[in-house]
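Colleague: One structure follows; several queries about it will come next.
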Amino acid sequence: METRVFTSAIIIHKGKLLILKRSKFVKFNPRMWDSVGGHLKEYETAEENILREAKEETGLDIKILKCGKSYEIRDKYGRWIVIPFLCKADTEKVKIKPDEHSKYKWISPQEIENYDCVPDIKEDLKLF
């Protein structure tokens, strides 16, 4: 079983949270709704990683509000160590990377139940 370490972020703006629909071409969880996040690069801190990933995936400059306790997920892809963040965006203007995501939406936290999401989003929402 392979182990991967990554960050994820619940990004909020005016009480809404950002979700991104994963492209049908991505390796893990294609076509599912996700939050911003990604694998850490060598010598990169989790904080540096989430700020970089947010900029790359959405064009947003975000501010970290809170870092949550890391947790583990096991699924058909392996073992995942997740470092979650709660972050704030100053704008809702998102520019997605089409090779990673096909859509984005700003939704209320209660609406998350209406979307087919990756497993970590519900855990990350505990930070909100």
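To be explicit about the labels: the chains of the structure tokens are called A, B, and onward in the order shown, and within each one the residues are counted from 1, while ligands get numbers from 1 in the order they are shown.
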Residues near Cys67 of chain A, anyone? I mean within 9 Å using only C-alpha atoms, not counting same-chain ones fewer than 6 positions away, as a list in words.

Modeller: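 Neighbouring residues, sequence-local ones excluded: Glu47, Ile83, Pro84, Phe85, Leu86, Cys87 and Leu127 of chain A.
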
Colleague: Those same residues - N, CA, C and O atoms - I'd like them written as a PDB file, in the first residue's frame.

Modeller:
ATOM      1  N   GLU A  47       2.277  24.763   4.944  1.00  0.00           N
ATOM      2  CA  GLU A  47       1.735  26.108   4.722  1.00  0.00           C
ATOM      3  C   GLU A  47       2.144  26.640   3.344  1.00  0.00           C
ATOM      4  O   GLU A  47       1.312  27.192   2.612  1.00  0.00           O
ATOM      5  N   ILE A  83      -3.238  17.036   5.729  1.00  0.00           N
ATOM      6  CA  ILE A  83      -3.004  18.189   6.599  1.00  0.00           C
ATOM      7  C   ILE A  83      -4.002  19.255   6.162  1.00  0.00           C
ATOM      8  O   ILE A  83      -3.845  19.869   5.100  1.00  0.00           O
ATOM      9  N   PRO A  84      -5.072  19.463   6.937  1.00  0.00           N
ATOM     10  CA  PRO A  84      -6.142  20.366   6.515  1.00  0.00           C
ATOM     11  C   PRO A  84      -5.944  21.810   6.992  1.00  0.00           C
ATOM     12  O   PRO A  84      -5.366  22.054   8.051  1.00  0.00           O
ATOM     13  N   PHE A  85      -6.455  22.727   6.190  1.00  0.00           N
ATOM     14  CA  PHE A  85      -6.418  24.150   6.512  1.00  0.00           C
ATOM     15  C   PHE A  85      -7.781  24.777   6.271  1.00  0.00           C
ATOM     16  O   PHE A  85      -8.523  24.342   5.388  1.00  0.00           O
ATOM     17  N   LEU A  86      -8.068  25.813   7.033  1.00  0.00           N
ATOM     18  CA  LEU A  86      -9.195  26.695   6.768  1.00  0.00           C
ATOM     19  C   LEU A  86      -8.574  27.990   6.290  1.00  0.00           C
ATOM     20  O   LEU A  86      -7.699  28.555   6.958  1.00  0.00           O
ATOM     21  N   CYS A  87      -9.008  28.457   5.126  1.00  0.00           N
ATOM     22  CA  CYS A  87      -8.408  29.632   4.509  1.00  0.00           C
ATOM     23  C   CYS A  87      -9.484  30.592   4.030  1.00  0.00           C
ATOM     24  O   CYS A  87     -10.635  30.205   3.821  1.00  0.00           O
ATOM     25  N   LEU A 127     -13.274  22.077  10.491  1.00  0.00           N
ATOM     26  CA  LEU A 127     -12.513  23.296  10.802  1.00  0.00           C
ATOM     27  C   LEU A 127     -13.350  24.553  10.673  1.00  0.00           C
ATOM     28  O   LEU A 127     -13.015  25.598  11.196  1.00  0.00           O
TER      29      LEU A 127
END

Colleague: Fewer than 3 positions away in the same chain doesn't count, so skip those; otherwise give me all residues within 10 Å of Gly37 of chain A, counting only C-alpha atoms, as a JSON list (two decimals) with N, CA, C and O atoms, in the first residue's frame.

Modeller:
[["chain", "number", "residue", "atom", "x", "y", "z"],
["A", 6, "PHE", "N", -0.51, 15.00, 1.76],
["A", 6, "PHE", "CA", -0.96, 16.17, 1.03],
["A", 6, "PHE", "C", -1.70, 17.13, 1.94],
["A", 6, "PHE", "O", -2.10, 16.78, 3.05],
["A", 7, "THR", "N", -1.87, 18.35, 1.44],
["A", 7, "THR", "CA", -2.65, 19.36, 2.14],
["A", 7, "THR", "C", -3.99, 19.50, 1.45],
["A", 7, "THR", "O", -4.15, 19.18, 0.27],
["A", 8, "SER", "N", -4.96, 20.01, 2.20],
["A", 8, "SER", "CA", -6.25, 20.37, 1.62],
["A", 8, "SER", "C", -6.73, 21.62, 2.33],
["A", 8, "SER", "O", -6.33, 21.89, 3.47],
["A", 9, "ALA", "N", -7.57, 22.39, 1.64],
["A", 9, "ALA", "CA", -8.04, 23.64, 2.23],
["A", 9, "ALA", "C", -9.51, 23.87, 1.95],
["A", 9, "ALA", "O", -9.96, 23.75, 0.81],
["A", 10, "ILE", "N", -10.22, 24.18, 2.99],
["A", 10, "ILE", "CA", -11.55, 24.74, 2.85],
["A", 10, "ILE", "C", -11.31, 26.23, 2.68],
["A", 10, "ILE", "O", -10.78, 26.89, 3.58],
["A", 34, "ASP", "N", -14.11, 18.42, -5.00],
["A", 34, "ASP", "CA", -12.93, 18.43, -4.15],
["A", 34, "ASP", "C", -12.69, 19.84, -3.64],
["A", 34, "ASP", "O", -13.33, 20.80, -4.08],
["A", 40, "LEU", "N", 2.87, 17.52, -1.14],
["A", 40, "LEU", "CA", 4.01, 18.35, -0.75],
["A", 40, "LEU", "C", 5.22, 18.04, -1.62],
["A", 40, "LEU", "O", 5.47, 16.89, -1.96],
["A", 49, "ASN", "N", 2.89, 24.84, 0.82],
["A", 49, "ASN", "CA", 2.20, 23.99, -0.15],
["A", 49, "ASN", "C", 0.78, 24.46, -0.41],
["A", 49, "ASN", "O", 0.36, 24.58, -1.56],
["A", 50, "ILE", "N", 0.01, 24.73, 0.64],
["A", 50, "ILE", "CA", -1.40, 25.08, 0.42],
["A", 50, "ILE", "C", -1.53, 26.44, -0.23],
["A", 50, "ILE", "O", -2.41, 26.65, -1.08],
["A", 51, "LEU", "N", -0.66, 27.37, 0.10],
["A", 51, "LEU", "CA", -0.69, 28.69, -0.56],
["A", 51, "LEU", "C", -0.35, 28.55, -2.05],
["A", 51, "LEU", "O", -1.00, 29.16, -2.91],
["A", 52, "ARG", "N", 0.65, 27.73, -2.36],
["A", 52, "ARG", "CA", 1.04, 27.49, -3.76],
["A", 52, "ARG", "C", -0.07, 26.79, -4.51],
["A", 52, "ARG", "O", -0.43, 27.18, -5.63],
["A", 53, "GLU", "N", -0.61, 25.72, -3.93],
["A", 53, "GLU", "CA", -1.67, 24.96, -4.59],
["A", 53, "GLU", "C", -2.90, 25.83, -4.86],
["A", 53, "GLU", "O", -3.51, 25.72, -5.93],
["A", 54, "ALA", "N", -3.27, 26.66, -3.91],
["A", 54, "ALA", "CA", -4.43, 27.54, -4.11],
["A", 54, "ALA", "C", -4.20, 28.47, -5.30],
["A", 54, "ALA", "O", -5.09, 28.65, -6.14],
["A", 56, "GLU", "N", -2.08, 28.01, -7.84],
["A", 56, "GLU", "CA", -2.01, 27.23, -9.08],
["A", 56, "GLU", "C", -3.38, 26.73, -9.53],
["A", 56, "GLU", "O", -3.70, 26.77, -10.72],
["A", 57, "GLU", "N", -4.20, 26.25, -8.59],
["A", 57, "GLU", "CA", -5.47, 25.63, -8.96],
["A", 57, "GLU", "C", -6.61, 26.61, -9.17],
["A", 57, "GLU", "O", -7.56, 26.29, -9.88],
["A", 82, "VAL", "N", -3.49, 13.54, 5.53],
["A", 82, "VAL", "CA", -4.05, 14.83, 5.13],
["A", 82, "VAL", "C", -3.73, 15.89, 6.18],
["A", 82, "VAL", "O", -3.94, 15.66, 7.37],
["A", 83, "ILE", "N", -3.24, 17.04, 5.73],
["A", 83, "ILE", "CA", -3.00, 18.19, 6.60],
["A", 83, "ILE", "C", -4.00, 19.26, 6.16],
["A", 83, "ILE", "O", -3.85, 19.87, 5.10],
["A", 84, "PRO", "N", -5.07, 19.46, 6.94],
["A", 84, "PRO", "CA", -6.14, 20.37, 6.51],
["A", 84, "PRO", "C", -5.94, 21.81, 6.99],
["A", 84, "PRO", "O", -5.37, 22.05, 8.05],
["A", 85, "PHE", "N", -6.46, 22.73, 6.19],
["A", 85, "PHE", "CA", -6.42, 24.15, 6.51],
["A", 85, "PHE", "C", -7.78, 24.78, 6.27],
["A", 85, "PHE", "O", -8.52, 24.34, 5.39]]

Colleague: Which neighbours of Gln110 of chain A fall inside 12 Å, counting only C-alpha atoms, when residues of the same chain fewer than 4 positions from it are skipped, and could you give them as a VMD selection string?

Modeller: chain A and resid 15 to 17 106 114 to 115 122 125 128

Colleague: May I have the residues from that selection written out with C-alpha atoms, as a compact mmCIF listing (two decimals), in the first residue's frame?

Modeller:
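Here's the written file result_22.txt:
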# COMPACT_ATOMS: atom_id res chain seq x y z
CA GLY A 15 -19.74 32.58 4.26
CA LYS A 16 -19.50 30.34 1.19
CA LEU A 17 -16.94 27.63 0.52
CA TRP A 106 -19.18 28.67 -4.13
CA ASN A 114 -25.74 17.54 -2.48
CA TYR A 115 -22.38 16.84 -4.13
CA LYS A 122 -16.38 16.30 5.16
CA LEU A 125 -15.37 20.96 7.18
CA PHE A 128 -15.26 25.65 9.61

Colleague: Between A:Glu100, A:Asp124, A:Ile81, A:Lys66, which has the minimum distance to Ile112 of chain A (counting only C-alpha atoms)?

Modeller: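 Selected residue with least distance to Ile112 of chain A: A:Asp124.
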
Colleague: I need the strand (DSSP E) residues of chain A per DSSP on the backbone, written as number ranges by chain.

Modeller: A: 3-13, 16-22, 33-34, 36-39, 62-67, 71-75, 78-89, 101-107
